[in-house]
Amino acid sequence: MADSLTRTDAERRHDPDARGFASDNYAGVHPEILAALSLANGGHQPAYGADDYTAHLQHIFRDHFGPRAEAFPVFNGTGANVVALQALTDRWGAVVTTTNAHVHTDECGAPERVGGLKLLPVPTPDGKLTPDLVAREAYGFEDQHRAMPQVVSLTQSTELGTLYTPEEIRAVADFAHERGMALHVDGARIANAAAALGLPLRAFTTDVGVDVVSFGGTKNGMLFGEAVVVLRPEAVRAMPHVRKQSMQLAAKMRFVSAQFEALLAGDLWLRSAGRANAMAARLAAAVRDVPGVRVLYPVQANVVFARLPHETIERLGKRHHFYVWDEAAGDVRWMCSHDTTEADVDAFAAALREEAARTEAPA
């Protein structure tokens, strides 16, 4: 009798038709990206980024961000942020960000522990920084008793699904640069922002003063991989060394770069993000009139935040995967992905309506 723990035959261990609204990280790999990985496989290529795919990737990123852009592929989003912020700061440097920024709330202290950075979080009503908000922590540059504010880090689209306009980013960039600070953008969902704004990537990054972008791929259909994109080379120091020391240098980097080529050389990045955004808009429209449900923020990208009765959350959570954002308040997050369908949205909205009705009229 075969030992199940030593079996090597491939078996599907999940329902391929299962869908949820917990995170765009839950989604599978886009078929076009799987095909690109297969194409990149076979034969030998130089390791650690000296391969043909990574070399060609530089041209692709420059098409999107301008002729000075340089892309450094990494493994994941936390790694991208830690590498980017380290390259922009001195040992005594600090980063102004929001209280709900991923670098502050969801990276297990990696910027502090691995990067040795001091984060200076600022509360915001909508997940967005403004010059006035940054000013709350951008002071004391020569005070030896205080970590020196050297970087502003904003997220596009934000953790609350809201968007910065190019003018809003320009205002923050000008404020930061006037004080000798750099501007970093956490772009884990930057494709969703571009799709929603209807603008090329450089229009709200390079052209408005952003120095470095953490560019997301995993949340937009890639198997794994993000990239640190340097837009102003003079703003960073020793990026290759920082990436290696941060354990983000992939030996077989061609398999990260090949995915980005498939994503960015054509319109796959925009198609995938646009679908996710459209499904979030459809979901928001479908639930706005459900009794007991309140949509909390403008639905501008691929996420819906809502407040529900606790009883509804508990029952709905047994039928569909999603995250409870604030358990005490009853706030939840519903995230749409590149493979979310209209049928997925309609089924979820119908389930929500059923559970909300049970809450309104308990047995």
# chains A, B, ... in the order shown; residues from 1 in each chain; ligands from 1
>>> closest_atom_pairs(of="range 207-241 of chain A", to="range 334-351 of chain A", cutoff="9 Å", atoms="only C-alpha atoms", output="CSV")
residue,atom,partner,partner_atom,distance
A:Lys219,CA,A:Ser337,CA,7.6
A:Asn220,CA,A:His338,CA,6.3
A:Gly221,CA,A:His338,CA,6.4
>>> residues_around(residues="Leu39 in chain A", least_positions_apart="6", cutoff="10 Å", atoms="only C-alpha atoms", output="PDB file with N, CA, C and O atoms, in the first residue's frame")
ATOM      1  N   ILE A  33       0.499  34.062 -18.888  1.00  0.00           N
ATOM      2  CA  ILE A  33       1.738  34.100 -18.119  1.00  0.00           C
ATOM      3  C   ILE A  33       2.291  32.692 -17.929  1.00  0.00           C
ATOM      4  O   ILE A  33       3.507  32.477 -17.998  1.00  0.00           O
ATOM      5  N   PHE A 255      12.680  33.655 -14.838  1.00  0.00           N
ATOM      6  CA  PHE A 255      11.291  33.249 -14.663  1.00  0.00           C
ATOM      7  C   PHE A 255      10.435  34.332 -14.014  1.00  0.00           C
ATOM      8  O   PHE A 255       9.206  34.277 -14.087  1.00  0.00           O
ATOM      9  N   ALA A 258      10.377  36.892 -17.395  1.00  0.00           N
ATOM     10  CA  ALA A 258       9.523  36.406 -18.477  1.00  0.00           C
ATOM     11  C   ALA A 258       8.054  36.666 -18.181  1.00  0.00           C
ATOM     12  O   ALA A 258       7.260  36.962 -19.086  1.00  0.00           O
TER      13      ALA A 258
END
>>> closest_residue(among="A:Leu57, A:Ala273, A:Ala235, A:Ile190", to="Gln259 in chain A", atoms="only C-alpha atoms")
A:Leu57
>>> closest_residue(among="A:Gln150, A:Thr98, A:Ser157, A:Gln144", to="Leu117 in chain A", atoms="only C-alpha atoms")
A:Gln150
>>> closest_atom_pairs(of="range 147-243 of chain A", to="range 277-294 of chain A", cutoff="9 Å", atoms="only C-alpha atoms", output="Markdown table")
| residue | atom | partner | partner_atom | distance |
| --- | --- | --- | --- | --- |
| A:Asn192 | CA | A:Asn277 | CA | 6.7 |
| A:Ala195 | CA | A:Asn277 | CA | 7.8 |
| A:Ala196 | CA | A:Asn277 | CA | 7.2 |
>>> atom_distance(atom1="CA of Gln45 in chain A", atom2="CA of Met253 in chain A")
9.5 Å
>>> atom_distance(atom1="CA of Met181 in chain A", atom2="CA of Glu107 in chain A")
22.8 Å
>>> residues_around(residues="Asp186 in chain A", least_positions_apart="5", cutoff="10 Å", atoms="only C-alpha atoms", output="PDB file with C-alpha atoms, in the first residue's frame")
ATOM      1  CA  GLY A  77       5.863  42.924  -2.407  1.00  0.00           C
ATOM      2  CA  THR A  78       7.346  43.185   1.049  1.00  0.00           C
ATOM      3  CA  ALA A  80      10.176  45.254  -3.073  1.00  0.00           C
ATOM      4  CA  ASN A  81       9.203  47.824  -0.449  1.00  0.00           C
ATOM      5  CA  ALA A  84      13.255  50.374  -2.317  1.00  0.00           C
ATOM      6  CA  ALA A 101      -0.073  51.503   4.608  1.00  0.00           C
ATOM      7  CA  HIS A 102       1.044  47.966   3.873  1.00  0.00           C
ATOM      8  CA  VAL A 103       4.580  48.794   5.011  1.00  0.00           C
ATOM      9  CA  SER A 153       5.816  56.435   0.813  1.00  0.00           C
ATOM     10  CA  LEU A 154       2.337  56.457  -0.686  1.00  0.00           C
ATOM     11  CA  THR A 155       0.285  53.618  -2.158  1.00  0.00           C
ATOM     12  CA  GLN A 156      -1.431  53.656  -5.557  1.00  0.00           C
ATOM     13  CA  SER A 157      -4.125  52.399  -5.523  1.00  0.00           C
ATOM     14  CA  THR A 158      -4.367  52.807  -1.755  1.00  0.00           C
ATOM     15  CA  VAL A 212      11.012  54.794  -7.062  1.00  0.00           C
ATOM     16  CA  VAL A 213       8.054  52.451  -7.589  1.00  0.00           C
ATOM     17  CA  SER A 214       7.432  49.025  -6.105  1.00  0.00           C
ATOM     18  CA  PHE A 215       5.684  47.493  -9.109  1.00  0.00           C
ATOM     19  CA  GLY A 216       3.217  44.699  -8.429  1.00  0.00           C
ATOM     20  CA  VAL A 228      11.623  47.801  -7.856  1.00  0.00           C
TER      21      VAL A 228
END
>>> residues_around(residues="Asn100 in chain A", least_positions_apart="3", cutoff="7 Å", atoms="only C-alpha atoms", output="PyMOL selection string")
chain A and resi 104-105+127+159
>>> atom_distance(atom1="CA of Ala10 in chain A", atom2="CA of Ala250 in chain A")
25.9 Å
>>> residues_around(residues="Leu308 in chain A", least_positions_apart="3", cutoff="9 Å", atoms="only C-alpha atoms", output="list in words")
Gly292, Val293, Arg294, Glu311, Thr312, Ile313, Ala329, Gly330, Asp331, Val332 and Ala356 of chain A
>>> select_by_dssp(residues="range 183-349 of chain A", states="helix (DSSP H, G or I)", output="count of residues only")
75
>>> closest_residue(among="A:Ala135, A:Met222, A:Val152, A:Ala147", to="Gly116 in chain A", atoms="only C-alpha atoms")
A:Ala147
>>> closest_residue(among="A:His321, A:Arg243, A:Arg333, A:Arg271", to="Asn76 in chain A", atoms="only C-alpha atoms")
A:Arg243
>>> residues_around(residues="Trp92 in chain A", least_positions_apart="4", cutoff="12 Å", atoms="only C-alpha atoms", output="list in words")
Gln86, Leu88, Glu112, Gly115, Gly116, Leu117, Lys118, Leu119, Phe141, Glu142, Asp143, Gln144, His145, Arg146, Ala147, Met148, Pro149, Gln150 and Val151 of chain A
>>> select_by_dssp(residues="range 188-358 of chain A", states="strand (DSSP E)", output="mmCIF file with N, CA, C and O atoms, in the first residue's frame")
data_model
loop_
_atom_site.group_PDB
_atom_site.id
_atom_site.type_symbol
_atom_site.label_atom_id
_atom_site.label_comp_id
_atom_site.auth_asym_id
_atom_site.auth_seq_id
_atom_site.Cartn_x
_atom_site.Cartn_y
_atom_site.Cartn_z
ATOM 1 N N VAL A 212 10.932 56.256 -6.994
ATOM 2 C CA VAL A 212 11.012 54.794 -7.062
ATOM 3 C C VAL A 212 9.611 54.213 -6.902
ATOM 4 O O VAL A 212 8.814 54.703 -6.103
ATOM 5 N N VAL A 213 9.339 53.148 -7.664
ATOM 6 C CA VAL A 213 8.054 52.451 -7.589
ATOM 7 C C VAL A 213 8.298 50.987 -7.241
ATOM 8 O O VAL A 213 9.175 50.342 -7.822
ATOM 9 N N SER A 214 7.525 50.474 -6.298
ATOM 10 C CA SER A 214 7.432 49.025 -6.105
ATOM 11 C C SER A 214 6.300 48.543 -7.005
ATOM 12 O O SER A 214 5.127 48.827 -6.736
ATOM 13 N N PHE A 215 6.667 47.844 -8.073
ATOM 14 C CA PHE A 215 5.684 47.493 -9.109
ATOM 15 C C PHE A 215 5.157 46.081 -8.873
ATOM 16 O O PHE A 215 5.905 45.116 -8.831
ATOM 17 N N GLY A 216 3.842 45.972 -8.755
ATOM 18 C CA GLY A 216 3.217 44.699 -8.429
ATOM 19 C C GLY A 216 2.902 43.845 -9.639
ATOM 20 O O GLY A 216 2.419 44.335 -10.658
ATOM 21 N N GLU A 226 7.699 40.722 -8.143
ATOM 22 C CA GLU A 226 7.436 42.150 -8.217
ATOM 23 C C GLU A 226 8.719 42.784 -8.773
ATOM 24 O O GLU A 226 9.690 42.095 -9.065
ATOM 25 N N ALA A 227 8.731 44.088 -8.878
ATOM 26 C CA ALA A 227 9.938 44.767 -9.347
ATOM 27 C C ALA A 227 10.079 46.109 -8.649
ATOM 28 O O ALA A 227 9.086 46.806 -8.416
ATOM 29 N N VAL A 228 11.314 46.448 -8.304
ATOM 30 C CA VAL A 228 11.623 47.801 -7.856
ATOM 31 C C VAL A 228 12.036 48.571 -9.099
ATOM 32 O O VAL A 228 13.015 48.221 -9.769
ATOM 33 N N VAL A 229 11.279 49.612 -9.429
ATOM 34 C CA VAL A 229 11.548 50.395 -10.633
ATOM 35 C C VAL A 229 12.100 51.752 -10.217
ATOM 36 O O VAL A 229 11.386 52.561 -9.608
ATOM 37 N N VAL A 230 13.346 51.981 -10.533
ATOM 38 C CA VAL A 230 14.004 53.242 -10.196
ATOM 39 C C VAL A 230 13.752 54.219 -11.334
ATOM 40 O O VAL A 230 14.135 53.981 -12.479
ATOM 41 N N ARG A 294 -23.515 48.921 4.193
ATOM 42 C CA ARG A 294 -23.079 50.274 3.846
ATOM 43 C C ARG A 294 -21.687 50.217 3.219
ATOM 44 O O ARG A 294 -20.742 49.735 3.851
ATOM 45 N N VAL A 295 -21.577 50.658 1.980
ATOM 46 C CA VAL A 295 -20.279 50.751 1.313
ATOM 47 C C VAL A 295 -19.534 51.941 1.905
ATOM 48 O O VAL A 295 -20.072 53.054 1.978
ATOM 49 N N VAL A 303 -11.571 46.893 -5.277
ATOM 50 C CA VAL A 303 -11.951 46.477 -3.934
ATOM 51 C C VAL A 303 -13.173 47.241 -3.458
ATOM 52 O O VAL A 303 -13.369 48.412 -3.803
ATOM 53 N N VAL A 304 -13.974 46.547 -2.660
ATOM 54 C CA VAL A 304 -15.146 47.147 -2.019
ATOM 55 C C VAL A 304 -15.006 46.948 -0.510
ATOM 56 O O VAL A 304 -14.801 45.818 -0.041
ATOM 57 N N PHE A 305 -15.101 48.032 0.233
ATOM 58 C CA PHE A 305 -15.165 47.962 1.695
ATOM 59 C C PHE A 305 -16.601 48.243 2.111
ATOM 60 O O PHE A 305 -17.228 49.182 1.618
ATOM 61 N N ALA A 306 -17.096 47.418 3.025
ATOM 62 C CA ALA A 306 -18.483 47.588 3.462
ATOM 63 C C ALA A 306 -18.592 47.293 4.951
ATOM 64 O O ALA A 306 -17.742 46.617 5.537
ATOM 65 N N ARG A 307 -19.646 47.816 5.554
ATOM 66 C CA ARG A 307 -19.955 47.542 6.955
ATOM 67 C C ARG A 307 -21.251 46.744 7.012
ATOM 68 O O ARG A 307 -22.263 47.138 6.422
ATOM 69 N N TYR A 323 -12.130 38.920 3.818
ATOM 70 C CA TYR A 323 -11.474 39.343 5.049
ATOM 71 C C TYR A 323 -12.357 40.297 5.848
ATOM 72 O O TYR A 323 -12.997 41.190 5.277
ATOM 73 N N VAL A 324 -12.354 40.097 7.167
ATOM 74 C CA VAL A 324 -12.949 41.065 8.075
ATOM 75 C C VAL A 324 -11.882 42.092 8.387
ATOM 76 O O VAL A 324 -10.841 41.769 8.946
ATOM 77 N N TRP A 325 -12.134 43.331 8.013
ATOM 78 C CA TRP A 325 -11.140 44.397 8.135
ATOM 79 C C TRP A 325 -11.105 44.987 9.544
ATOM 80 O O TRP A 325 -10.039 45.273 10.076
ATOM 81 N N ASP A 326 -12.265 45.173 10.107
ATOM 82 C CA ASP A 326 -12.383 45.709 11.468
ATOM 83 C C ASP A 326 -13.512 44.935 12.145
ATOM 84 O O ASP A 326 -14.691 45.204 11.920
ATOM 85 N N ASP A 331 -16.543 45.877 9.654
ATOM 86 C CA ASP A 331 -16.063 46.278 8.325
ATOM 87 C C ASP A 331 -15.396 45.095 7.630
ATOM 88 O O ASP A 331 -14.592 44.374 8.243
ATOM 89 N N VAL A 332 -15.734 44.904 6.358
ATOM 90 C CA VAL A 332 -15.182 43.803 5.581
ATOM 91 C C VAL A 332 -14.580 44.333 4.287
ATOM 92 O O VAL A 332 -14.883 45.451 3.842
ATOM 93 N N ARG A 333 -13.706 43.509 3.693
ATOM 94 C CA ARG A 333 -13.097 43.854 2.410
ATOM 95 C C ARG A 333 -13.407 42.759 1.405
ATOM 96 O O ARG A 333 -13.154 41.585 1.668
ATOM 97 N N TRP A 334 -13.911 43.179 0.247
ATOM 98 C CA TRP A 334 -14.171 42.258 -0.852
ATOM 99 C C TRP A 334 -13.284 42.660 -2.025
ATOM 100 O O TRP A 334 -13.428 43.739 -2.593
ATOM 101 N N MET A 335 -12.379 41.761 -2.390
ATOM 102 C CA MET A 335 -11.395 42.056 -3.430
ATOM 103 C C MET A 335 -11.697 41.251 -4.689
ATOM 104 O O MET A 335 -11.914 40.041 -4.631
#
